[in-house]
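Coordinates from upload04.csv are shown below (CSV, C-alpha atoms).
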```
chain,number,residue,atom,x,y,z
A,8,MET,CA,-32.2,20.9,-17.8
A,9,LEU,CA,-33.1,17.9,-15.7
A,10,GLU,CA,-31.9,15.6,-18.5
A,11,PHE,CA,-28.5,17.3,-18.7
A,12,ILE,CA,-28.1,17.0,-14.9
A,13,LEU,CA,-29.0,13.3,-15.0
A,14,GLN,CA,-26.6,12.8,-17.9
A,15,PHE,CA,-23.8,14.4,-15.9
A,16,LEU,CA,-24.7,12.2,-12.9
A,17,ALA,CA,-24.4,9.2,-15.1
A,18,SER,CA,-21.0,10.3,-16.3
A,19,SER,CA,-19.8,11.1,-12.8
A,20,LEU,CA,-21.0,7.7,-11.5
A,21,THR,CA,-18.9,5.9,-14.2
A,22,GLU,CA,-15.7,7.8,-13.7
A,23,GLY,CA,-16.2,7.9,-9.9
A,24,CYS,CA,-16.4,4.1,-9.8
A,25,VAL,CA,-13.1,3.8,-11.6
A,26,TYR,CA,-11.4,6.2,-9.2
A,27,ALA,CA,-13.0,4.3,-6.3
A,28,LEU,CA,-11.5,1.0,-7.5
A,29,ILE,CA,-8.0,2.6,-7.7
A,30,ALA,CA,-8.5,4.2,-4.3
A,31,LEU,CA,-9.7,0.9,-2.8
A,32,GLY,CA,-6.5,-0.8,-3.9
A,33,LEU,CA,-4.4,2.0,-2.4
A,34,VAL,CA,-6.3,1.8,0.9
A,35,ILE,CA,-6.0,-2.0,1.2
A,36,VAL,CA,-2.2,-2.0,0.6
A,37,LEU,CA,-1.7,0.9,3.0
A,38,ARG,CA,-3.7,-0.7,5.7
A,39,SER,CA,-1.8,-3.9,5.4
A,40,THR,CA,1.8,-2.7,4.7
A,41,ASP,CA,1.9,1.0,5.6
A,42,VAL,CA,3.1,1.6,2.1
A,43,LEU,CA,1.4,3.8,-0.5
A,44,PHE,CA,1.4,1.6,-3.6
A,45,PHE,CA,1.7,4.2,-6.4
A,46,VAL,CA,1.8,1.4,-9.0
A,47,GLN,CA,-2.0,1.1,-8.5
A,48,GLY,CA,-3.1,3.1,-11.5
A,49,THR,CA,-0.4,1.5,-13.6
A,50,LEU,CA,-2.0,-1.9,-12.8
A,51,ALA,CA,-5.2,-0.5,-14.3
A,52,MET,CA,-3.2,0.4,-17.4
A,53,VAL,CA,-1.7,-3.1,-17.5
A,54,GLY,CA,-5.2,-4.6,-17.3
A,55,GLY,CA,-6.5,-2.4,-20.1
A,56,ILE,CA,-3.7,-2.9,-22.6
A,57,THR,CA,-3.5,-6.7,-21.9
A,58,LEU,CA,-7.3,-6.9,-22.6
A,59,TYR,CA,-6.6,-4.9,-25.8
A,60,ALA,CA,-3.9,-7.4,-26.9
A,61,LEU,CA,-6.0,-10.5,-26.0
A,62,PHE,CA,-9.5,-9.4,-26.9
A,63,ALA,CA,-9.1,-6.8,-29.6
A,64,GLN,CA,-6.0,-8.0,-31.4
A,65,LEU,CA,-6.0,-11.8,-30.8
A,66,ASN,CA,-9.8,-12.2,-30.7
A,67,ILE,CA,-9.7,-14.4,-27.6
A,68,PRO,CA,-13.2,-14.6,-26.0
A,69,LEU,CA,-13.9,-12.1,-23.3
A,70,ILE,CA,-14.6,-14.9,-20.7
A,71,ILE,CA,-10.9,-15.9,-21.2
A,72,SER,CA,-9.4,-12.5,-21.9
A,73,ILE,CA,-10.5,-10.9,-18.6
A,74,PRO,CA,-9.1,-13.6,-16.3
A,75,LEU,CA,-5.8,-13.7,-18.2
A,76,SER,CA,-5.6,-9.9,-18.0
A,77,LEU,CA,-6.1,-10.1,-14.2
A,78,ILE,CA,-3.4,-12.8,-13.9
A,79,ILE,CA,-0.9,-10.5,-15.7
A,80,CYS,CA,-1.8,-7.7,-13.3
A,81,THR,CA,-1.3,-10.0,-10.4
A,82,ILE,CA,2.1,-11.2,-11.6
A,83,VAL,CA,3.2,-7.5,-12.0
A,84,SER,CA,2.0,-6.7,-8.5
A,85,LEU,CA,3.6,-9.7,-6.9
A,86,LEU,CA,6.9,-9.1,-8.7
A,87,THR,CA,6.9,-5.5,-7.4
A,88,LEU,CA,6.3,-6.9,-3.9
A,89,HIS,CA,9.0,-9.5,-3.9
A,90,ILE,CA,11.7,-7.6,-5.9
A,91,ILE,CA,11.2,-4.1,-4.5
A,92,VAL,CA,8.9,-3.7,-1.5
A,93,LEU,CA,9.8,-6.7,0.7
A,94,PRO,CA,13.6,-6.4,0.3
A,95,LEU,CA,13.5,-2.7,1.1
A,96,LEU,CA,11.2,-3.1,4.2
A,97,SER,CA,13.3,-6.0,5.4
A,98,ARG,CA,16.4,-3.8,5.3
A,99,GLY,CA,14.6,-1.2,7.5
A,100,ALA,CA,13.7,1.3,4.8
A,101,PRO,CA,11.0,3.7,6.0
A,102,SER,CA,7.5,3.1,4.5
A,103,MET,CA,7.5,6.5,2.9
A,104,SER,CA,10.8,5.8,1.1
A,105,VAL,CA,9.4,2.6,-0.2
A,106,SER,CA,6.3,4.4,-1.3
A,107,ILE,CA,8.4,6.8,-3.4
A,108,VAL,CA,10.3,4.0,-4.9
A,109,THR,CA,7.0,2.5,-6.3
A,110,ILE,CA,6.6,5.7,-8.3
A,111,GLY,CA,9.8,4.7,-10.2
A,112,VAL,CA,8.5,1.2,-10.6
A,113,SER,CA,5.3,2.7,-12.2
A,114,MET,CA,7.4,4.7,-14.6
A,115,LEU,CA,9.4,1.7,-15.7
A,116,ILE,CA,6.3,-0.3,-16.3
A,117,GLU,CA,4.7,2.5,-18.3
A,118,MET,CA,7.9,2.8,-20.4
A,119,ALA,CA,7.9,-0.9,-21.1
A,120,ALA,CA,4.2,-0.6,-22.2
A,121,MET,CA,5.1,2.3,-24.5
A,122,LEU,CA,7.9,0.3,-26.2
A,123,ILE,CA,5.6,-2.7,-26.7
A,124,PHE,CA,2.4,-1.1,-27.7
A,125,GLY,CA,3.5,2.4,-28.9
A,126,LYS,CA,2.4,5.9,-27.9
A,127,ASN,CA,-1.0,5.8,-29.6
A,128,ASN,CA,-4.3,5.3,-27.8
A,129,LEU,CA,-5.7,1.8,-27.9
A,130,ALA,CA,-9.4,1.1,-28.5
A,131,VAL,CA,-11.1,-1.9,-26.8
A,132,PRO,CA,-14.5,-3.0,-28.0
A,133,SER,CA,-17.4,-2.8,-25.6
A,134,PHE,CA,-18.4,-5.9,-23.8
A,135,SER,CA,-22.1,-5.7,-24.6
A,136,GLY,CA,-22.4,-3.5,-27.6
A,137,ASP,CA,-22.8,0.3,-27.9
A,138,GLU,CA,-26.6,0.7,-28.1
A,139,PRO,CA,-27.4,3.3,-25.4
A,140,VAL,CA,-30.0,2.6,-22.7
A,141,THR,CA,-32.1,5.6,-21.6
A,142,ILE,CA,-33.1,6.0,-17.9
A,143,LEU,CA,-35.0,9.1,-17.0
A,144,GLY,CA,-33.6,11.0,-19.9
A,145,ALA,CA,-30.0,10.0,-19.2
A,146,SER,CA,-28.2,7.8,-21.7
A,147,PHE,CA,-26.1,4.9,-20.4
A,148,VAL,CA,-24.0,2.6,-22.7
A,149,PRO,CA,-24.0,-1.0,-21.5
A,150,GLN,CA,-20.4,-0.7,-20.5
A,151,HIS,CA,-21.5,1.7,-17.7
A,152,PHE,CA,-23.4,-1.1,-16.0
A,153,TRP,CA,-20.3,-3.3,-16.2
A,154,ILE,CA,-18.3,-0.6,-14.4
A,155,ILE,CA,-20.9,-0.1,-11.7
A,156,GLY,CA,-21.4,-3.8,-11.2
A,157,PHE,CA,-17.6,-4.5,-10.9
A,158,THR,CA,-17.3,-1.7,-8.4
A,159,ALA,CA,-20.3,-2.8,-6.3
A,160,GLY,CA,-19.0,-6.4,-6.2
A,161,ALA,CA,-15.5,-5.3,-5.3
A,162,LEU,CA,-16.7,-3.2,-2.4
A,163,LEU,CA,-19.1,-5.9,-1.1
A,164,LEU,CA,-16.3,-8.5,-1.1
A,165,THR,CA,-13.9,-6.1,0.5
A,166,LEU,CA,-16.3,-5.4,3.4
A,167,ILE,CA,-17.1,-9.1,3.9
A,168,PHE,CA,-13.4,-10.0,3.8
A,169,PHE,CA,-12.2,-7.3,6.3
A,170,LYS,CA,-15.1,-7.5,8.7
A,171,TRP,CA,-15.8,-11.2,8.9
A,172,THR,CA,-12.6,-13.1,8.2
A,173,TRP,CA,-9.6,-13.5,10.5
A,174,MET,CA,-7.3,-12.9,7.6
A,175,GLY,CA,-8.9,-9.6,6.7
A,176,LYS,CA,-8.7,-8.5,10.3
A,177,ALA,CA,-5.0,-9.6,10.5
A,178,MET,CA,-4.2,-7.6,7.3
A,179,THR,CA,-5.8,-4.5,8.8
A,180,GLY,CA,-3.5,-4.6,11.8
A,181,LEU,CA,-0.3,-5.2,9.9
A,182,GLY,CA,0.3,-1.6,9.0
A,183,ASP,CA,-0.2,-0.5,12.6
A,184,ASN,CA,2.3,-2.8,14.1
A,185,GLN,CA,4.2,-5.3,12.0
A,186,LEU,CA,6.6,-6.3,14.7
A,187,LEU,CA,3.7,-7.2,17.0
A,188,ALA,CA,2.0,-9.2,14.2
A,189,LYS,CA,5.2,-11.2,13.7
A,190,ALA,CA,5.6,-11.7,17.4
A,191,ILE,CA,2.2,-13.3,17.8
A,192,GLY,CA,2.7,-15.6,14.8
A,193,PHE,CA,0.9,-13.9,11.9
A,194,PRO,CA,2.3,-14.9,8.5
A,195,VAL,CA,3.3,-11.4,7.6
A,196,ARG,CA,4.8,-12.1,4.2
A,197,ARG,CA,1.8,-14.1,3.2
A,198,LEU,CA,-0.6,-11.4,4.3
A,199,PHE,CA,1.4,-8.9,2.3
A,200,ARG,CA,1.1,-11.1,-0.7
A,201,TYR,CA,-2.7,-11.2,-0.3
A,202,ALA,CA,-2.9,-7.4,-0.1
A,203,PHE,CA,-0.9,-7.0,-3.3
A,204,ILE,CA,-3.0,-9.7,-5.1
A,205,PHE,CA,-6.1,-7.8,-4.0
A,206,SER,CA,-4.6,-4.5,-5.2
A,207,ALA,CA,-3.8,-6.1,-8.6
A,208,LEU,CA,-7.4,-7.5,-9.0
A,209,VAL,CA,-9.2,-4.2,-8.2
A,210,GLY,CA,-6.7,-2.2,-10.3
A,211,GLY,CA,-7.0,-4.6,-13.2
A,212,ILE,CA,-10.8,-4.6,-13.0
A,213,ALA,CA,-10.8,-0.8,-13.2
A,214,GLY,CA,-8.6,-0.7,-16.3
A,215,ILE,CA,-10.5,-3.6,-18.0
A,216,ALA,CA,-13.9,-2.1,-17.3
A,217,PHE,CA,-13.0,1.4,-18.3
A,218,ALA,CA,-11.0,0.6,-21.4
A,219,PRO,CA,-14.0,0.3,-23.8
A,220,ILE,CA,-15.4,3.7,-22.7
A,221,SER,CA,-12.1,5.6,-22.7
A,222,TYR,CA,-9.1,4.7,-24.7
A,223,THR,CA,-6.4,2.8,-23.0
A,224,GLY,CA,-2.6,3.2,-23.4
A,225,PHE,CA,0.7,3.5,-21.6
A,226,GLY,CA,0.0,7.0,-20.3
A,227,ILE,CA,-3.2,6.5,-18.3
A,228,GLY,CA,-1.7,4.9,-15.3
A,229,THR,CA,-0.2,8.0,-13.7
A,230,ARG,CA,-3.5,9.9,-14.1
A,231,LEU,CA,-5.5,7.2,-12.5
A,232,THR,CA,-3.0,6.9,-9.6
A,233,ILE,CA,-3.3,10.6,-8.9
A,234,LYS,CA,-7.1,10.5,-9.1
A,235,GLY,CA,-7.3,7.4,-7.0
A,236,PHE,CA,-5.0,8.8,-4.4
A,237,ALA,CA,-7.1,12.0,-4.3
A,238,ALA,CA,-10.2,9.9,-3.9
A,239,ALA,CA,-8.7,7.9,-1.0
A,240,ALA,CA,-7.5,11.1,0.7
A,241,VAL,CA,-10.9,12.8,0.3
A,242,GLY,CA,-12.8,9.8,1.6
A,243,GLY,CA,-10.4,8.7,4.3
A,244,ILE,CA,-7.0,7.1,3.4
A,245,THR,CA,-7.6,4.0,5.6
A,246,ASN,CA,-11.3,3.5,5.0
A,247,PRO,CA,-12.5,1.3,2.1
A,248,VAL,CA,-16.0,2.8,2.2
A,249,GLY,CA,-14.4,6.2,2.3
A,250,ALA,CA,-12.4,5.3,-0.8
A,251,LEU,CA,-15.6,4.5,-2.7
A,252,SER,CA,-17.2,7.7,-1.5
A,253,GLY,CA,-14.2,9.8,-2.4
A,254,GLY,CA,-14.1,8.4,-5.9
A,255,LEU,CA,-17.8,9.1,-6.4
A,256,ILE,CA,-17.4,12.7,-5.0
A,257,ILE,CA,-14.5,13.5,-7.3
A,258,GLY,CA,-16.3,12.0,-10.3
A,259,LEU,CA,-19.3,14.2,-9.5
A,260,PHE,CA,-17.2,17.4,-9.2
A,261,GLU,CA,-15.3,16.6,-12.4
A,262,SER,CA,-18.4,15.8,-14.4
A,263,PHE,CA,-20.3,19.0,-13.4
A,264,THR,CA,-17.2,21.1,-13.9
A,265,ALA,CA,-16.8,19.8,-17.4
A,266,GLY,CA,-20.4,20.2,-18.2
A,267,PHE,CA,-21.1,23.7,-16.7
A,268,ILE,CA,-17.7,25.4,-16.7
A,269,SER,CA,-14.9,23.8,-18.8
A,270,SER,CA,-13.4,20.3,-19.2
A,271,ARG,CA,-9.9,22.0,-18.9
A,272,LEU,CA,-10.6,22.8,-15.3
A,273,LYS,CA,-11.4,19.2,-14.2
A,274,ASP,CA,-8.0,18.4,-12.7
A,275,LEU,CA,-7.8,21.9,-11.1
A,276,ILE,CA,-11.2,21.3,-9.4
A,277,THR,CA,-10.0,17.9,-8.1
A,278,MET,CA,-6.9,19.3,-6.5
A,279,ALA,CA,-8.9,22.2,-5.1
A,280,LEU,CA,-11.4,19.8,-3.5
A,281,LEU,CA,-8.6,17.7,-2.1
A,282,LEU,CA,-6.9,20.7,-0.5
A,283,LEU,CA,-10.2,22.0,0.9
A,284,VAL,CA,-11.1,18.6,2.5
A,285,LEU,CA,-7.7,18.1,4.0
A,286,TRP,CA,-7.7,21.6,5.4
A,287,LEU,CA,-11.1,21.2,7.0
A,288,ARG,CA,-10.7,17.5,7.9
A,289,PRO,CA,-7.2,16.1,7.5
A,290,GLN,CA,-8.3,12.5,8.1
A,291,GLY,CA,-10.7,12.7,5.2
A,292,LEU,CA,-14.5,12.8,5.2
A,293,PHE,CA,-14.9,9.3,6.6
A,294,GLY,CA,-11.6,8.7,8.3
A,295,LYS,CA,-11.0,8.4,12.0
A,296,LYS,CA,-9.0,11.0,13.9
A,297,ASN,CA,-5.7,9.9,15.3
A,298,ASN,CA,-5.6,10.0,19.1
```
With the file now loaded, output its structure as structure tokens.
Amino acid sequence: MLEFILQFLASSLTEGCVYALIALGLVIVLRSTDVLFFVQGTLAMVGGITLYALFAQLNIPLIISIPLSLIICTIVSLLTLHIIVLPLLSRGAPSMSVSIVTIGVSMLIEMAAMLIFGKNNLAVPSFSGDEPVTILGASFVPQHFWIIGFTAGALLLTLIFFKWTWMGKAMTGLGDNQLLAKAIGFPVRRLFRYAFIFSALVGGIAGIAFAPISYTGFGIGTRLTIKGFAAAAVGGITNPVGALSGGLIIGLFESFTAGFISSRLKDLITMALLLLVLWLRPQGLFGKKNN
């Protein structure tokens, strides 16, 4: 029985890290721009299918394929910023309206991916082989360690950036009062750009790291966005540490639901958990109450 529990914990840790990375991107853009960037999960899809094209199809070495995939994600994110988000905000569109528009952008990107790569799932080879590693009875494939390492590194760099750099502190305050930020001389458009680059990197890393474990394809973006948003809301929509915690919590609930009840109920359990947390603590488990 202990081995089964440990195996479910291993599975929950893997999926939870992916959800956490998506949630982290959502939180950073929201804190900086006051916009919910619903393209976040789609950026993970872009990272995964680009890696498939470069690494699996063209046989370009991994050390080149990963940076190129992240560059493509960054280009998509910045195009969305400069073509959609900034023009709408400059015309006085409410942040919520801009957030809804990004859902349409996500759908367009996914449709383009479907036309280019087709509707079938796409398989990406593992980075370090498929020979499992057993720890206390639980089996990990090497790709699990890549996911955990990427997540830990992203969170550490995020905390350092936002706590100990003036740029990170400036980005944090943008969403609270953009007019004040402009008045005191902060380069708002440049800081927006940094937020969207960060969003692209963590989203792309999530898709790249997860693709060898779970098939990638045009349809995974929406699912990852929903799970990432749920993770951010559970942990605290403006708290990077909360985003990580929310992702791990949702991964844990989903894994044990699939193992002990039914895999068909995973999404239902996620939504039930989200509703329960928001009912008991609207600001999320690690969020701050609004005064």
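Of the listed residues A:Phe45, A:Trp153, A:Phe147, A:Phe293, the one whose atoms come nearest to Ser206 of chain A is A:Phe45, with distances taken using all atoms listed in the file.
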As a PyMOL selection string, please: the residues near Ala239 of chain A (cut-off 9 Å, all atoms listed in the file, same-chain neighbours under 5 positions excluded).
chain A and resi 26-27+29-31+33-34+234+244-247+249-254+291
Contact check, segment 121-173 of chain A to segment 111-116 of chain A, at most 12 Å, counting only C-alpha atoms, closest pairs as a Markdown table:
```
| residue | atom | partner | partner_atom | distance |
| --- | --- | --- | --- | --- |
| A:Met121 | CA | A:Ile116 | CA | 8.7 |
| A:Leu122 | CA | A:Ile116 | CA | 10.0 |
| A:Ile123 | CA | A:Ile116 | CA | 10.7 |
```
Please determine the residues with any atom at most 12 Å from (-0.9, -10.9, -4.0) (coordinates as given in the file, with only C-alpha atoms counting) and report them as an mmCIF file with C-alpha atoms, in the coordinates of the input.
```
data_model
loop_
_atom_site.group_PDB
_atom_site.id
_atom_site.type_symbol
_atom_site.label_atom_id
_atom_site.label_comp_id
_atom_site.auth_asym_id
_atom_site.auth_seq_id
_atom_site.Cartn_x
_atom_site.Cartn_y
_atom_site.Cartn_z
ATOM 1 C CA GLY A 32 -6.500 -0.800 -3.900
ATOM 2 C CA ILE A 35 -6.000 -2.000 1.200
ATOM 3 C CA VAL A 36 -2.200 -2.000 0.600
ATOM 4 C CA SER A 39 -1.800 -3.900 5.400
ATOM 5 C CA LEU A 77 -6.100 -10.100 -14.200
ATOM 6 C CA ILE A 78 -3.400 -12.800 -13.900
ATOM 7 C CA ILE A 79 -0.900 -10.500 -15.700
ATOM 8 C CA CYS A 80 -1.800 -7.700 -13.300
ATOM 9 C CA THR A 81 -1.300 -10.000 -10.400
ATOM 10 C CA ILE A 82 2.100 -11.200 -11.600
ATOM 11 C CA VAL A 83 3.200 -7.500 -12.000
ATOM 12 C CA SER A 84 2.000 -6.700 -8.500
ATOM 13 C CA LEU A 85 3.600 -9.700 -6.900
ATOM 14 C CA LEU A 86 6.900 -9.100 -8.700
ATOM 15 C CA THR A 87 6.900 -5.500 -7.400
ATOM 16 C CA LEU A 88 6.300 -6.900 -3.900
ATOM 17 C CA HIS A 89 9.000 -9.500 -3.900
ATOM 18 C CA ARG A 196 4.800 -12.100 4.200
ATOM 19 C CA ARG A 197 1.800 -14.100 3.200
ATOM 20 C CA LEU A 198 -0.600 -11.400 4.300
ATOM 21 C CA PHE A 199 1.400 -8.900 2.300
ATOM 22 C CA ARG A 200 1.100 -11.100 -0.700
ATOM 23 C CA TYR A 201 -2.700 -11.200 -0.300
ATOM 24 C CA ALA A 202 -2.900 -7.400 -0.100
ATOM 25 C CA PHE A 203 -0.900 -7.000 -3.300
ATOM 26 C CA ILE A 204 -3.000 -9.700 -5.100
ATOM 27 C CA PHE A 205 -6.100 -7.800 -4.000
ATOM 28 C CA SER A 206 -4.600 -4.500 -5.200
ATOM 29 C CA ALA A 207 -3.800 -6.100 -8.600
ATOM 30 C CA LEU A 208 -7.400 -7.500 -9.000
ATOM 31 C CA VAL A 209 -9.200 -4.200 -8.200
#
```
So that I can see what lies close to Val42 of chain A, please list as a list in words the residues with an atom at most 6 Å from it, counting only C-alpha atoms and leaving out residues fewer than 3 positions away in the same chain.
Leu37, Ser102 and Ser106 of chain A
Tell me which of A:Ile268, A:Val105, A:Phe168, A:Pro219 sits closest to Asp137 of chain A, counting all atoms listed in the file.
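Counting all atoms listed in the file, the residue closest to Asp137 of chain A is A:Pro219.
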For the atom pair atom CA of Gly175 of chain A and atom CA of Val241 of chain A, what is the interatomic distance in Å to one decimal place?
23.4 Å
So which residues are close to (-13.5, 17.9, -12.3), meaning at most 12 Å away in the file's coordinates with all atoms listed in the file counted, and can you show them as an MDAnalysis selection string?
chainID A and resid 15 18:19 22:23 234 237 254:281
Print the selection's residues with C-alpha atoms to a file, as a PDB file, in the coordinates of the input.
```pdb
ATOM      1  CA  PHE A  15     -23.800  14.400 -15.900  1.00  0.00           C
ATOM      2  CA  SER A  18     -21.000  10.300 -16.300  1.00  0.00           C
ATOM      3  CA  SER A  19     -19.800  11.100 -12.800  1.00  0.00           C
ATOM      4  CA  GLU A  22     -15.700   7.800 -13.700  1.00  0.00           C
ATOM      5  CA  GLY A  23     -16.200   7.900  -9.900  1.00  0.00           C
ATOM      6  CA  LYS A 234      -7.100  10.500  -9.100  1.00  0.00           C
ATOM      7  CA  ALA A 237      -7.100  12.000  -4.300  1.00  0.00           C
ATOM      8  CA  GLY A 254     -14.100   8.400  -5.900  1.00  0.00           C
ATOM      9  CA  LEU A 255     -17.800   9.100  -6.400  1.00  0.00           C
ATOM     10  CA  ILE A 256     -17.400  12.700  -5.000  1.00  0.00           C
ATOM     11  CA  ILE A 257     -14.500  13.500  -7.300  1.00  0.00           C
ATOM     12  CA  GLY A 258     -16.300  12.000 -10.300  1.00  0.00           C
ATOM     13  CA  LEU A 259     -19.300  14.200  -9.500  1.00  0.00           C
ATOM     14  CA  PHE A 260     -17.200  17.400  -9.200  1.00  0.00           C
ATOM     15  CA  GLU A 261     -15.300  16.600 -12.400  1.00  0.00           C
ATOM     16  CA  SER A 262     -18.400  15.800 -14.400  1.00  0.00           C
ATOM     17  CA  PHE A 263     -20.300  19.000 -13.400  1.00  0.00           C
ATOM     18  CA  THR A 264     -17.200  21.100 -13.900  1.00  0.00           C
ATOM     19  CA  ALA A 265     -16.800  19.800 -17.400  1.00  0.00           C
ATOM     20  CA  GLY A 266     -20.400  20.200 -18.200  1.00  0.00           C
ATOM     21  CA  PHE A 267     -21.100  23.700 -16.700  1.00  0.00           C
ATOM     22  CA  ILE A 268     -17.700  25.400 -16.700  1.00  0.00           C
ATOM     23  CA  SER A 269     -14.900  23.800 -18.800  1.00  0.00           C
ATOM     24  CA  SER A 270     -13.400  20.300 -19.200  1.00  0.00           C
ATOM     25  CA  ARG A 271      -9.900  22.000 -18.900  1.00  0.00           C
ATOM     26  CA  LEU A 272     -10.600  22.800 -15.300  1.00  0.00           C
ATOM     27  CA  LYS A 273     -11.400  19.200 -14.200  1.00  0.00           C
ATOM     28  CA  ASP A 274      -8.000  18.400 -12.700  1.00  0.00           C
ATOM     29  CA  LEU A 275      -7.800  21.900 -11.100  1.00  0.00           C
ATOM     30  CA  ILE A 276     -11.200  21.300  -9.400  1.00  0.00           C
ATOM     31  CA  THR A 277     -10.000  17.900  -8.100  1.00  0.00           C
ATOM     32  CA  MET A 278      -6.900  19.300  -6.500  1.00  0.00           C
ATOM     33  CA  ALA A 279      -8.900  22.200  -5.100  1.00  0.00           C
ATOM     34  CA  LEU A 280     -11.400  19.800  -3.500  1.00  0.00           C
ATOM     35  CA  LEU A 281      -8.600  17.700  -2.100  1.00  0.00           C
TER      36      LEU A 281
END
```
If you measure from atom CA of Leu292 of chain A to atom CA of Gln14 of chain A, what distance in Å do you get, rounded to one decimal?
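A separation of 26.1 Å between them.
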Which distance in Å separates atom CA of Pro149 of chain A and atom CA of Ser135 of chain A, to one decimal?
5.9 Å
